[in-house]
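Trainee: What follows is a single structure, and I will ask about it in a moment.
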Amino acid sequence: MVVFALRTALVLLVLSATVGAFAPHGCSSNAQRRPNIALRSSTEVAPETAAATSSKKSTTSKSPMFEYLKFGGTKPSFDVIAKTTEYVNAQSWELDESIYDKDYVLRGPVIGPINRKDLRGSQTGLGLREAFPNVNIDTFGYTIDPENPYRCFYFQRWRAVHEADLDAYGDIFPATGVEMEAPVSVFSVVWTPEGKIIYEQVGAVIDRFEGNTQGKAAVFGLLHTAGLKLNAN
């Protein structure tokens, strides 16, 4: 069982990148502002902080990888938010591999780097689609990194009911009928100037006290609901 758990932990973390394994539903719009709270978007900068913001945008990242992903300070020739929204909405079990750069890398809170070849090879063996046939994914809050115009963040909240038995490499977890609510987690993608995804970050939980999965989001939340209690931290 220990060997199974370790093997499953790796696979499910990899699978957490495949958000499109479940069709996203109900993409929400921006929340209405409260009249007594002054809010600014990343493009609405107070005069007294304009200089500091400008300086921040030109700051060299302390991480060489993230500095490289700025592609020399160039600007995208496409709408990054629109392209990311299209990518999220089009995801499915059979992803179009042509959208990924040959140097694609995925990372999660406790895994990575993982390339596309290893990711594809890991996306079998967990019967999540059968056990949770009606996953509802609320995606919202698309926003561009003010220091990297090729990088888009977005948030997701997953809800689902464990309707059928989960067959995880031959280990059966009977249907519980339990409704899962996972905490909101943040995802991000980085596009190349050619419009390919080169880097993807998945499933970083915002508030571990939200929902009923003990702080586990996305695929981890599904497996927790089915009875497979793995450490997602």
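Following the order of the structure tokens, chains are lettered A, B, ..., residues in each are numbered from 1, and ligands are numbered from 1.
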Apply DSSP to the backbone of this structure and, from stretch 117-176 of chain A, keep only the residues in strand (DSSP E); write these as a PyMOL selection string.
Mentor: chain A and resi 136-145+148-161+166-168+171-173
Trainee: Check which residues of stretch 102-171 of chain A sit at most 7 Å from stretch 71-89 of chain A using only C-alpha atoms, and return one row each with the closest pair of atoms and their distance in Å to one decimal, ordered by chain and rising number, as a Markdown table.
Mentor:
```
| residue | atom | partner | partner_atom | distance |
| --- | --- | --- | --- | --- |
| A:Tyr142 | CA | A:Ile81 | CA | 6.5 |
| A:Thr143 | CA | A:Ile81 | CA | 6.9 |
| A:Pro149 | CA | A:Lys75 | CA | 6.6 |
| A:Tyr150 | CA | A:Pro76 | CA | 6.5 |
| A:Cys152 | CA | A:Ile81 | CA | 6.5 |
```
Trainee: Running DSSP on the backbone, which parts of stretch 52-199 of chain A land in alpha helix (DSSP H), as a PyMOL selection string?
Mentor: chain A and resi 52-57+64-68+80-90+116-122+128-131
Trainee: I want to know what sits within 12 Å of A:Glu163, based on only C-alpha atoms, with residues of the same chain fewer than 6 positions away left out; could you give that as a PyMOL selection string?
Mentor: chain A and resi 127-135+173-180+222+225-226
Trainee: Next, dump the selected residues to file, keeping only N, CA and C atoms, as a PDB file, in the first residue's frame.
Mentor:
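And here's again.pdb as it stands now:
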```
ATOM      1  N   GLY A 127      -8.871   6.160 -12.281  1.00  0.00           N
ATOM      2  CA  GLY A 127     -10.202   6.219 -12.885  1.00  0.00           C
ATOM      3  C   GLY A 127     -11.003   7.423 -12.445  1.00  0.00           C
ATOM      4  N   LEU A 128     -10.419   8.585 -12.504  1.00  0.00           N
ATOM      5  CA  LEU A 128     -11.092   9.788 -12.015  1.00  0.00           C
ATOM      6  C   LEU A 128     -12.283  10.177 -12.869  1.00  0.00           C
ATOM      7  N   ARG A 129     -12.133  10.026 -14.175  1.00  0.00           N
ATOM      8  CA  ARG A 129     -13.228  10.440 -15.059  1.00  0.00           C
ATOM      9  C   ARG A 129     -14.477   9.605 -14.795  1.00  0.00           C
ATOM     10  N   GLU A 130     -14.296   8.318 -14.502  1.00  0.00           N
ATOM     11  CA  GLU A 130     -15.434   7.446 -14.235  1.00  0.00           C
ATOM     12  C   GLU A 130     -16.008   7.681 -12.830  1.00  0.00           C
ATOM     13  N   ALA A 131     -15.137   7.926 -11.866  1.00  0.00           N
ATOM     14  CA  ALA A 131     -15.591   8.099 -10.480  1.00  0.00           C
ATOM     15  C   ALA A 131     -16.252   9.462 -10.256  1.00  0.00           C
ATOM     16  N   PHE A 132     -15.782  10.452 -11.008  1.00  0.00           N
ATOM     17  CA  PHE A 132     -16.315  11.821 -10.890  1.00  0.00           C
ATOM     18  C   PHE A 132     -16.730  12.313 -12.274  1.00  0.00           C
ATOM     19  N   PRO A 133     -17.856  11.822 -12.790  1.00  0.00           N
ATOM     20  CA  PRO A 133     -18.239  12.154 -14.168  1.00  0.00           C
ATOM     21  C   PRO A 133     -18.737  13.582 -14.353  1.00  0.00           C
ATOM     22  N   ASN A 134     -19.030  14.277 -13.263  1.00  0.00           N
ATOM     23  CA  ASN A 134     -19.623  15.616 -13.377  1.00  0.00           C
ATOM     24  C   ASN A 134     -18.875  16.616 -12.504  1.00  0.00           C
ATOM     25  N   VAL A 135     -17.640  16.880 -12.884  1.00  0.00           N
ATOM     26  CA  VAL A 135     -16.839  17.861 -12.154  1.00  0.00           C
ATOM     27  C   VAL A 135     -17.164  19.255 -12.672  1.00  0.00           C
ATOM     28  N   PHE A 173     -11.889   2.111  -4.623  1.00  0.00           N
ATOM     29  CA  PHE A 173     -12.431   2.983  -3.579  1.00  0.00           C
ATOM     30  C   PHE A 173     -13.904   3.182  -3.901  1.00  0.00           C
ATOM     31  N   PRO A 174     -14.805   2.506  -3.155  1.00  0.00           N
ATOM     32  CA  PRO A 174     -16.239   2.539  -3.477  1.00  0.00           C
ATOM     33  C   PRO A 174     -16.815   3.953  -3.466  1.00  0.00           C
ATOM     34  N   ALA A 175     -17.809   4.148  -4.306  1.00  0.00           N
ATOM     35  CA  ALA A 175     -18.485   5.443  -4.383  1.00  0.00           C
ATOM     36  C   ALA A 175     -19.028   5.827  -3.012  1.00  0.00           C
ATOM     37  N   THR A 176     -18.815   7.080  -2.638  1.00  0.00           N
ATOM     38  CA  THR A 176     -19.263   7.558  -1.331  1.00  0.00           C
ATOM     39  C   THR A 176     -20.487   8.460  -1.431  1.00  0.00           C
ATOM     40  N   GLY A 177     -20.722   9.026  -2.614  1.00  0.00           N
ATOM     41  CA  GLY A 177     -21.793   9.999  -2.762  1.00  0.00           C
ATOM     42  C   GLY A 177     -21.482  11.331  -2.124  1.00  0.00           C
ATOM     43  N   VAL A 178     -20.260  11.496  -1.646  1.00  0.00           N
ATOM     44  CA  VAL A 178     -19.849  12.736  -0.982  1.00  0.00           C
ATOM     45  C   VAL A 178     -19.610  13.829  -2.023  1.00  0.00           C
ATOM     46  N   GLU A 179     -20.098  15.015  -1.715  1.00  0.00           N
ATOM     47  CA  GLU A 179     -19.863  16.160  -2.587  1.00  0.00           C
ATOM     48  C   GLU A 179     -18.600  16.883  -2.141  1.00  0.00           C
ATOM     49  N   MET A 180     -17.682  17.065  -3.078  1.00  0.00           N
ATOM     50  CA  MET A 180     -16.419  17.725  -2.791  1.00  0.00           C
ATOM     51  C   MET A 180     -16.501  19.206  -3.122  1.00  0.00           C
ATOM     52  N   LEU A 222     -10.161  15.477  -5.346  1.00  0.00           N
ATOM     53  CA  LEU A 222     -10.967  14.354  -5.820  1.00  0.00           C
ATOM     54  C   LEU A 222     -10.559  13.054  -5.129  1.00  0.00           C
ATOM     55  N   THR A 225     -11.630  12.915  -1.527  1.00  0.00           N
ATOM     56  CA  THR A 225     -13.053  12.657  -1.408  1.00  0.00           C
ATOM     57  C   THR A 225     -13.366  11.178  -1.630  1.00  0.00           C
ATOM     58  N   ALA A 226     -12.591  10.531  -2.512  1.00  0.00           N
ATOM     59  CA  ALA A 226     -12.801   9.113  -2.791  1.00  0.00           C
ATOM     60  C   ALA A 226     -12.244   8.220  -1.687  1.00  0.00           C
TER      61      ALA A 226
END
```
Trainee: Leaving out A:Val205 and any residue of its chain fewer than 2 positions from it, which residues lie within 10 Å of it when counting only C-alpha atoms, given as an MDAnalysis selection string?
Mentor: chainID A and resid 109 155:157 182:187 202:203 207:210 215:218 232:233
Trainee: Taking only C-alpha atoms into account, which of A:Trp191, A:Pro64, A:Leu126, A:Pro113 comes nearest A:Asp167?
Mentor: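 With only C-alpha atoms as the atom set, the closest residue is A:Leu126.
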Trainee: Please determine, counting only C-alpha atoms, which residue among A:Ser188, A:Lys229, A:Arg120, A:Gln201 has the shortest atom-to-atom distance to A:Gly141.
Mentor: A:Ser188
Trainee: Go through A:Glu200, A:Glu194, A:Asn231, A:Ile99 and flag the residue nearest A:Gly112, using only C-alpha atoms for the distances.
Mentor: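 Checking each candidate against A:Gly112, we get A:Glu200 as the closest.
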Trainee: So that I can see what lies close to A:Met65, please list as number ranges by chain the residues with an atom at most 12 Å from it, counting only C-alpha atoms and leaving out residues fewer than 5 positions away in the same chain.
Mentor: A: 60, 70-71, 105, 113, 190, 198-199
Trainee: Let me see the file: selected residues, N, CA, C and O atoms, as a JSON list (two decimals), in the first residue's frame.
Mentor:
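Heads up, here's the output in again-v4.json:
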```json
[["chain", "number", "residue", "atom", "x", "y", "z"],
["A", 60, "THR", "N", 15.05, 42.95, -12.70],
["A", 60, "THR", "CA", 15.49, 41.64, -13.14],
["A", 60, "THR", "C", 15.12, 40.61, -12.08],
["A", 60, "THR", "O", 15.37, 40.80, -10.89],
["A", 70, "LYS", "N", 10.86, 35.91, -19.62],
["A", 70, "LYS", "CA", 10.41, 37.23, -20.08],
["A", 70, "LYS", "C", 10.80, 37.48, -21.53],
["A", 70, "LYS", "O", 10.42, 38.49, -22.12],
["A", 71, "PHE", "N", 11.61, 36.60, -22.09],
["A", 71, "PHE", "CA", 12.00, 36.65, -23.50],
["A", 71, "PHE", "C", 12.58, 38.01, -23.89],
["A", 71, "PHE", "O", 12.17, 38.64, -24.87],
["A", 105, "VAL", "N", 7.66, 22.78, -19.54],
["A", 105, "VAL", "CA", 7.90, 22.28, -18.19],
["A", 105, "VAL", "C", 6.69, 22.59, -17.33],
["A", 105, "VAL", "O", 6.11, 23.69, -17.41],
["A", 113, "PRO", "N", 10.54, 19.67, -12.03],
["A", 113, "PRO", "CA", 9.94, 19.90, -13.34],
["A", 113, "PRO", "C", 9.55, 18.59, -14.04],
["A", 113, "PRO", "O", 10.20, 17.57, -13.86],
["A", 190, "VAL", "N", 2.87, 30.35, -19.06],
["A", 190, "VAL", "CA", 3.75, 31.29, -19.74],
["A", 190, "VAL", "C", 3.81, 30.90, -21.20],
["A", 190, "VAL", "O", 4.09, 29.74, -21.54],
["A", 198, "ILE", "N", 5.18, 27.27, -22.69],
["A", 198, "ILE", "CA", 6.49, 26.74, -22.33],
["A", 198, "ILE", "C", 6.59, 26.39, -20.86],
["A", 198, "ILE", "O", 7.39, 25.55, -20.45],
["A", 199, "TYR", "N", 5.75, 27.03, -20.04],
["A", 199, "TYR", "CA", 5.80, 26.78, -18.60],
["A", 199, "TYR", "C", 4.39, 26.84, -18.02],
["A", 199, "TYR", "O", 3.60, 27.71, -18.39]]
```
Trainee: Between A:Ile197, A:Thr213, A:Leu228, A:Glu181, which has the minimum distance to A:Asp96 (counting only C-alpha atoms)?
Mentor: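 Of all the options, A:Ile197 lies closest to A:Asp96.
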Trainee: From the list A:Tyr68, A:Phe140, A:Phe153, A:Tyr100, which residue is nearest A:Arg116 when using only C-alpha atoms?
Mentor: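 That would be A:Tyr100, the residue with the smallest distance to A:Arg116.
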